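J.: My questions all concern the structure below.
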Amino acid sequence: MVVISVFIIGRAAYIQQVEGNYWRSKSDSLHQKFVELEAERGTIYSEDGSMLSTSIPFFDIYIDFAADGLREKKGKRFKENLDPLSKALAVYFKDQTAAAYKKQLQQGYKNKERYYLLRKNISFNDYKMLRSFPLVKEGRNKSGFIAEVKSKRLNTFGLLANRTIGLARDNAQNVGLERTYDSLLKGESGSKLVRFIAGGVGVPVEGSEIDPENGKDIITTLDVNIQDIAENALLKMMLENECEHGTCIVMEVATGKVKAIANLGRRTDGAYWEDLNYAIRASEPGSTFKLATLLAVLEDEHVTIDKHINLEGGKWKVKGRTVYDSEEHGLYEVTVKEAFEHSSNVGMAKLAMNYYANDPLSFINHLKRLHFDQHSGVGLIGETNPIIKNPKSKTWSATTLPWMAFGYEVLVSPMQTLMLYNAVANEGKMMKPYLVQAIQRNGITVTENEPEVLEEEICSSETLRQLKLALEGVVLEGTGKTLQSPYYRLAGKTGTALVANGRRGYADHIYQSSFAGYFPADHPQYSCIVVIKNRAHAKKFYGAAVAGPVFKEIADKLYALHADKNKNFYTGSFRKDSTGFYYSGETTDIKYLLASMNAPYVDSAEKSEWSSMYAYDFKPVVNAKVVDTGKMPNLKGLGLKDALYLLESAGLKVKAKGKGKVSTQFPEAGTAYMKKQQVMIELN
């Protein structure tokens with residue numbers, strides 16, 4: 001009994017300590033299972049074909065040192081390629097010496113490791129290079145090299161439309177188009193049979209793979225250039241005024257295509273990022289909502305824009321509460337058009353009470369016809385529900401109607417507000433906004449979205465005519481007159497809404513600034529809305545001062561972008577403009593530009609090679625610019641190309657800083673210089 005017991009214990013110890021790895025390997029080899037192979041996720045493109053979100057492949061490289069190709073003829077192939085392979089790995093990856101790589105490979109070969117990790121997360125370019133290395137190029141069976149592919153999702157333009165596009169991430173809530181169209185983008189997974197060896201490492205079984213079906217591609221309506229313009233214009237104002245968050249949407253008038261959505265929120269460190277899609281989040285719209293009120297009273301023929309209304313100096317008591325106009329104007333008897341142009345809360349509240357106090361549902365029905373009571377339909381998950389009250393609502397009170405008339409006690413998203421302004425620009429036809437133009441598989445279109453009309457006519461042609469006059473009047477004579485351009489007309493409406501700050505209520509004087517409109521007013525191409533929530537006690541908070549400049553910058557840049565492509569976009573007429581300017585350059589260049597724009601100018605340059613152009617009596621004057629070859633030339637107003645030409649022709653060296661036109665130079669103009677002297681110029 002004792003002898004048998006000792007034998008059993010000894011045998012058990014031998015199996016555990018000496019043969020342990022062998023038997024564990026045998027045990028693991030009995031375990032096989034199918035694992036999922038992820039499909040390659042589809043790519044999201046802009047309308048012009050630029051990649052907005054795509055999957056980048058990364059590779060983990062393993063070696064099966066027990067592969068027959070490595071072991072045959074006593075490892076002849078491995079031994080012959082060991083040195084050149086080690087050297088190639090060291091030279092390319094530069095993370096360790098050739099000797100270190102050689103030792104590492106020899107150890108793996110000696111231990112007959114079946115799934116040895118050589119490199120992790122290498123790029124596709126690195127993988128292509130690796131496949132040309134000695135031994136590896138002989139293929140998987142002879143070299144034992146195994147590549148495991150995995151993908152990483154990347155937004156190629158970074159911040160640009162980041163929230164709208166979204167990003168497919170592990171262990172996190174996906175957003176934007178990535179979430180909305182996840183089922184199409186992700187495709188169908190495949191599978192492969194894996195055999196588990198010692199240590200629980202899984203080795204794929206050759207020939208067992210079921211290939212995945214790659215996801216479909218999404219072609220959006222977004223334009224990268226317009227998105228960049230909108231994003232930068234919004235960011236500039238956000239930084240300048242230290243705003244809390246803001247959004248900007250640009251829509252193509254005729255189709256409803258969303259060409260840009262910018263969303264920026266302020267982080268704790270003061271930087272801005274696309275944290276939420278504010279474009280589809282409902283809030284109190286403020287004065288941009290007054291267009292709906294004006295439409296209702298005009299369409300029901302209660303008033304015309306020429307009818308007079310008393311603004312009571314900007315303060316009016318109704319049902320125990322006082323309506324205040326946001327700006328002190330001291331106006332009393334004005335036309336309805338003037339009340340709208342000056343964004344009078346009193347004027348809109350009076351119109352609502354005078355004509356809808358006894359039948360508020362008539363007013364509410366107008367709002368429903370304008371689709372303010374339902375989602376915009378833009379096709380993004382996360383759009384919050386709008387709130388349009390009616391007399392049966394629990395929170396309806398005696399003052400709800402007048403407050404609704406100027407954009408309070410209602411909740412609508414900026415996208416919904418823009419739909420109304422876009423409809424006015426589109427001759428009364430309300431378009432459904434959309435972001436996805438087509439869905440493709442392997443470059444072939446599977447589904448294509450066409451422009452969809454929600455309402456053929458939001459109002460009569462006469463109402464539409466008066467609405468357009470009122471919107472243009474805001475920029476010409478009203479609260480937005482600082483935004484008008486001498487080259488084309490804008491149409492739109494400013495908005496300034498006081499918003500509550502949680503339990504503190506309205507004590508912090510936080511305002512939401514907005515501007516909604518379209519351009520050019522005589523032949524609208526784009527509609528746009530800008531909504532910005534300011535910080536407490538902000539130095540600027542009026543819609544014309546905060547949201548208006550963002551709108552105008554976008555309009556100006558899109559006007560310039562399309563001026564040579566669309567005759568309807570360029571009016572060819574010039575108005576008197578007191579703006580100061582100063583440019584310099586070759587006389588022929590300056591005259592060519594002025595002639596191309598049909599701009600009248602005073603020619604005082606005659607046959608001079610160089611000229612300066614500046615404003616005098618509301619007209620450009622082209623004046624001769626004397627360039628003395630013996631002295632330092634006056635470079636002010638020149639572009640870098642012309643400045644370099646002048647200085648380098650004189651044998652001078654140039655160091656330039658900045659972009660734009662030359663604003664300062666050293667040495668100064670008129671001073672003597674020596675050959676090869678360095679000249680410092682700064683561009684503005």
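Following the order of the structure tokens, first chain is A, next is B, and so on, with residues numbered from 1 inside each chain and ligands from 1 in the order they appear.
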Leaving out Leu361 in chain A and any residue of its chain fewer than 2 positions from it, which residues lie within 12 Å of it when counting only C-alpha atoms, given as a ChimeraX atom specification?
T.: /A:296,352,355-359,363-368,388-393,401
J.: Any idea what's packed within 12 Å of Leu130 in chain A, counting only C-alpha atoms, ignoring anything in its chain fewer than 3 positions away? Could you give it as an MDAnalysis selection string?
T.: chainID A and resid 59:61 85:86 88:93 118:119 122:127 133:139 145:147
J.: Quick one, how far is CA of Asp325 in chain A from CA of Val412 in chain A?
T.: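 Answer for the CA of Asp325 in chain A to CA of Val412 in chain A separation: 21.6 Å.
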J.: Do you know which residues are at most 9 Å from range 525-531 of chain A counting only C-alpha atoms, after dropping those on the same chain fewer than 3 positions away, and could you put them as an MDAnalysis selection string?
T.: chainID A and resid 234 245:254 278:279 285 414:415 417:419 421:422 425:426 495 512:521 543 547:548 550:551 554:555 558 568:569
J.: Could you tell me, as a list in words, which residues of range 86-190 of chain A DSSP assigns to strand (DSSP E) when given the backbone?
T.: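 The residues of range 86-190 of chain A classed as strand (DSSP E) are Tyr116, Leu117, Leu118, Arg119, Lys120, Asn121, Ile122, Ser123, Phe145, Ile146, Ala147, Glu148, Val149, Lys150, Ser151, Lys152, Arg153, Leu154, Asn155 and Gly190 of chain A.
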J.: In Å, with one decimal, what is the gap from CA of Asp522 in chain A to CA of Cys459 in chain A?
T.: 19.0 Å
J.: Report the distance between CA of Ala398 in chain A and CA of Ser362 in chain A in Å, rounded to one decimal place.
T.: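 Rounded to one decimal, the two atoms are 16.2 Å apart.
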J.: Check the DSSP output for the backbone and give back, as a PyMOL selection string, the residues of range 132-359 of chain A in helix (DSSP H, G or I).
T.: chain A and resi 136-138+140-143+162-165+176-180+182-185+198-200+224-241+278-280+286-299+312-314+336-341+345-356
J.: For the selection just defined, write its residues with C-alpha atoms to a file, as an mmCIF file, in the first residue's frame.
T.:
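So result17.cif came out as:
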```cif
data_model
loop_
_atom_site.group_PDB
_atom_site.id
_atom_site.type_symbol
_atom_site.label_atom_id
_atom_site.label_comp_id
_atom_site.auth_asym_id
_atom_site.auth_seq_id
_atom_site.Cartn_x
_atom_site.Cartn_y
_atom_site.Cartn_z
ATOM 1 C CA VAL A 136 7.699 36.895 -44.487
ATOM 2 C CA LYS A 137 7.427 37.284 -48.269
ATOM 3 C CA GLU A 138 7.366 33.480 -48.628
ATOM 4 C CA ARG A 140 2.034 32.205 -44.196
ATOM 5 C CA ASN A 141 2.608 28.448 -44.592
ATOM 6 C CA LYS A 142 6.354 28.713 -45.104
ATOM 7 C CA SER A 143 7.089 31.644 -42.775
ATOM 8 C CA ASN A 162 -17.933 66.007 -35.506
ATOM 9 C CA ARG A 163 -21.225 65.771 -33.626
ATOM 10 C CA THR A 164 -23.342 65.465 -36.757
ATOM 11 C CA ILE A 165 -21.158 62.767 -38.302
ATOM 12 C CA GLY A 176 -24.935 61.471 -35.186
ATOM 13 C CA LEU A 177 -25.045 59.697 -38.528
ATOM 14 C CA GLU A 178 -22.870 56.882 -37.142
ATOM 15 C CA ARG A 179 -25.670 56.022 -34.712
ATOM 16 C CA THR A 180 -28.655 56.752 -36.942
ATOM 17 C CA ASP A 182 -25.445 52.083 -37.698
ATOM 18 C CA SER A 183 -27.301 49.050 -39.098
ATOM 19 C CA LEU A 184 -26.299 50.008 -42.656
ATOM 20 C CA LEU A 185 -22.740 51.057 -41.859
ATOM 21 C CA ALA A 198 -1.550 26.343 -24.285
ATOM 22 C CA GLY A 199 -2.146 29.498 -22.303
ATOM 23 C CA GLY A 200 -5.604 29.968 -23.777
ATOM 24 C CA VAL A 224 -16.647 70.433 -46.585
ATOM 25 C CA ASN A 225 -15.899 74.018 -47.665
ATOM 26 C CA ILE A 226 -19.208 75.395 -46.368
ATOM 27 C CA GLN A 227 -18.836 73.371 -43.162
ATOM 28 C CA ASP A 228 -15.355 74.812 -42.651
ATOM 29 C CA ILE A 229 -16.607 78.371 -43.248
ATOM 30 C CA ALA A 230 -19.507 77.918 -40.805
ATOM 31 C CA GLU A 231 -17.359 76.207 -38.161
ATOM 32 C CA ASN A 232 -14.668 78.896 -38.204
ATOM 33 C CA ALA A 233 -17.088 81.829 -38.257
ATOM 34 C CA LEU A 234 -18.944 80.375 -35.257
ATOM 35 C CA LEU A 235 -15.752 79.544 -33.365
ATOM 36 C CA LYS A 236 -14.359 83.055 -33.831
ATOM 37 C CA MET A 237 -17.416 84.652 -32.189
ATOM 38 C CA MET A 238 -17.540 82.009 -29.445
ATOM 39 C CA LEU A 239 -13.936 82.758 -28.488
ATOM 40 C CA GLU A 240 -14.380 86.511 -28.715
ATOM 41 C CA ASN A 241 -17.472 86.637 -26.500
ATOM 42 C CA TYR A 278 -27.658 71.973 -30.504
ATOM 43 C CA ALA A 279 -29.141 72.289 -34.009
ATOM 44 C CA ILE A 280 -31.833 69.710 -33.173
ATOM 45 C CA GLY A 286 -36.988 84.322 -29.134
ATOM 46 C CA SER A 287 -37.521 86.952 -31.811
ATOM 47 C CA THR A 288 -36.778 84.782 -34.841
ATOM 48 C CA PHE A 289 -40.181 83.212 -34.070
ATOM 49 C CA LYS A 290 -41.879 86.554 -34.798
ATOM 50 C CA LEU A 291 -41.869 85.659 -38.479
ATOM 51 C CA ALA A 292 -44.495 82.978 -37.718
ATOM 52 C CA THR A 293 -46.655 85.531 -35.876
ATOM 53 C CA LEU A 294 -46.383 88.002 -38.737
ATOM 54 C CA LEU A 295 -47.270 85.266 -41.230
ATOM 55 C CA ALA A 296 -50.409 84.360 -39.259
ATOM 56 C CA VAL A 297 -51.858 87.877 -39.070
ATOM 57 C CA LEU A 298 -51.014 88.627 -42.718
ATOM 58 C CA GLU A 299 -52.399 85.316 -44.008
ATOM 59 C CA GLU A 312 -46.380 102.228 -26.241
ATOM 60 C CA GLY A 313 -42.758 103.351 -26.103
ATOM 61 C CA GLY A 314 -41.630 99.711 -25.703
ATOM 62 C CA VAL A 336 -46.414 96.668 -38.586
ATOM 63 C CA LYS A 337 -43.345 96.427 -40.835
ATOM 64 C CA GLU A 338 -41.445 98.897 -38.652
ATOM 65 C CA ALA A 339 -42.500 97.034 -35.501
ATOM 66 C CA PHE A 340 -41.073 93.839 -37.028
ATOM 67 C CA GLU A 341 -37.891 95.594 -38.193
ATOM 68 C CA ASN A 345 -42.165 92.334 -28.445
ATOM 69 C CA VAL A 346 -44.972 94.750 -27.706
ATOM 70 C CA GLY A 347 -45.976 94.921 -31.366
ATOM 71 C CA MET A 348 -46.136 91.134 -31.807
ATOM 72 C CA ALA A 349 -47.913 90.589 -28.468
ATOM 73 C CA LYS A 350 -50.521 93.198 -29.383
ATOM 74 C CA LEU A 351 -51.133 91.592 -32.787
ATOM 75 C CA ALA A 352 -51.677 88.198 -31.172
ATOM 76 C CA MET A 353 -54.009 89.539 -28.484
ATOM 77 C CA ASN A 354 -55.956 91.817 -30.841
ATOM 78 C CA TYR A 355 -56.779 89.070 -33.337
ATOM 79 C CA TYR A 356 -56.448 85.696 -31.561
#
```
J.: So, counting only C-alpha atoms, which residue among A:Tyr616, A:Ile305, A:Leu476, A:Ala605 is closest to Glu462 in chain A?
T.: A:Ile305
J.: Which residues are near Ser461 in chain A? Cut-off 10 Å, only C-alpha atoms, ignore same chain within fewer than 5 positions. Put them as a list in words.
T.: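 Once the adjacent positions are removed, what remains is Glu299, Glu427, Gly428, Gln466 and Leu467 of chain A.
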J.: Rank A:Arg441, A:Lys661, A:Lys432, A:His509 by their smallest atom-to-atom distance to Glu456 in chain A, using only C-alpha atoms, and report the top residue only.
T.: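 When distances to Glu456 in chain A are compared using only C-alpha atoms, the smallest one comes from A:Lys432.
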J.: Need the shell around Thr220 in chain A: protein/DNA/RNA residues with any atom at most 7 Å away, counting only C-alpha atoms. Skip same-chain ones fewer than 2 positions apart. Format as an MDAnalysis selection string?
T.: chainID A and resid 45:47 218 222 435:438
J.: Export N, CA, C and O atoms of the chosen residues as a short mmCIF file (atom, residue, chain, number, x, y, z; two decimals), in the first residue's frame?
T.:
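As written to disk, selection.cif reads:
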```cif
data_model
loop_
_atom_site.label_atom_id
_atom_site.label_comp_id
_atom_site.auth_asym_id
_atom_site.auth_seq_id
_atom_site.Cartn_x
_atom_site.Cartn_y
_atom_site.Cartn_z
N TYR A 45 -19.25 59.94 -46.51
CA TYR A 45 -18.63 60.91 -47.42
C TYR A 45 -19.41 62.23 -47.42
O TYR A 45 -20.61 62.26 -47.13
N SER A 46 -18.72 63.29 -47.79
CA SER A 46 -19.40 64.56 -48.08
C SER A 46 -19.98 64.46 -49.49
O SER A 46 -19.71 63.50 -50.22
N GLU A 47 -20.73 65.47 -49.90
CA GLU A 47 -21.37 65.42 -51.21
C GLU A 47 -20.34 65.39 -52.35
O GLU A 47 -20.57 64.79 -53.39
N ILE A 218 -22.26 55.89 -46.78
CA ILE A 218 -23.26 56.96 -46.70
C ILE A 218 -22.72 58.20 -47.40
O ILE A 218 -21.63 58.68 -47.07
N LEU A 222 -23.50 67.21 -46.92
CA LEU A 222 -22.57 68.19 -46.37
C LEU A 222 -21.53 68.61 -47.39
O LEU A 222 -21.05 67.80 -48.18
N LEU A 435 -29.92 65.13 -44.65
CA LEU A 435 -28.46 65.05 -44.54
C LEU A 435 -27.86 63.93 -45.37
O LEU A 435 -26.67 63.95 -45.67
N VAL A 436 -28.66 62.93 -45.71
CA VAL A 436 -28.15 61.78 -46.45
C VAL A 436 -28.67 61.83 -47.87
O VAL A 436 -29.88 61.80 -48.10
N GLN A 437 -27.74 61.90 -48.81
CA GLN A 437 -28.13 61.98 -50.21
C GLN A 437 -28.26 60.60 -50.84
O GLN A 437 -29.15 60.37 -51.66
N ALA A 438 -27.35 59.68 -50.48
CA ALA A 438 -27.40 58.35 -51.09
C ALA A 438 -26.73 57.33 -50.18
O ALA A 438 -25.92 57.67 -49.32
#
```
J.: Tell me which protein, DNA and RNA residues are within 6 Å of Ser413 in chain A, counting only C-alpha atoms, leaving out same-chain ones fewer than 3 positions away, and put them as a PyMOL selection string.
T.: chain A and resi 280-282+416
J.: Keeping C-alpha atoms for every residue in the selection just given, could you write it to a file as a PDB file, in the first residue's frame?
T.:
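Output (again_26.pdb):
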```pdb
ATOM      1  CA  ILE A 280     -31.833  69.710 -33.173  1.00  0.00           C
ATOM      2  CA  ARG A 281     -32.397  70.571 -29.495  1.00  0.00           C
ATOM      3  CA  ALA A 282     -35.575  72.520 -28.759  1.00  0.00           C
ATOM      4  CA  GLN A 416     -37.319  73.915 -37.323  1.00  0.00           C
TER       5      GLN A 416
END
```
J.: Compile the contact shell of Lys307 in chain A as a CSV table (one decimal) with all heavy atoms, in the first residue's frame: residues with an atom at most 7 Å away, counting only C-alpha atoms, same-chain residues fewer than 3 positions apart removed.
T.:
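Dumped everything to around.csv:
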```
chain,number,residue,atom,x,y,z
A,303,VAL,N,-54.2,92.3,-40.9
A,303,VAL,CA,-53.4,93.5,-41.1
A,303,VAL,C,-52.6,93.4,-42.4
A,303,VAL,O,-52.6,92.3,-43.0
A,303,VAL,CB,-52.4,93.7,-39.9
A,303,VAL,CG1,-53.1,93.9,-38.6
A,303,VAL,CG2,-51.4,92.6,-39.9
A,304,THR,N,-52.0,94.5,-42.8
A,304,THR,CA,-51.0,94.5,-43.8
A,304,THR,C,-49.7,95.1,-43.1
A,304,THR,O,-49.8,95.6,-42.0
A,304,THR,CB,-51.3,95.3,-45.0
A,304,THR,OG1,-51.5,96.7,-44.6
A,304,THR,CG2,-52.7,94.9,-45.7
A,335,THR,N,-45.7,101.5,-38.3
A,335,THR,CA,-46.3,100.4,-39.1
A,335,THR,C,-45.9,99.0,-38.6
A,335,THR,O,-45.0,98.9,-37.8
A,335,THR,CB,-45.8,100.5,-40.6
A,335,THR,OG1,-44.4,100.2,-40.7
A,335,THR,CG2,-46.1,101.9,-41.2
A,336,VAL,N,-46.7,98.0,-39.0
A,336,VAL,CA,-46.4,96.7,-38.6
A,336,VAL,C,-45.0,96.3,-39.1
A,336,VAL,O,-44.3,95.6,-38.4
A,336,VAL,CB,-47.5,95.7,-39.1
A,336,VAL,CG1,-47.1,94.2,-38.9
A,336,VAL,CG2,-48.8,96.0,-38.5
```
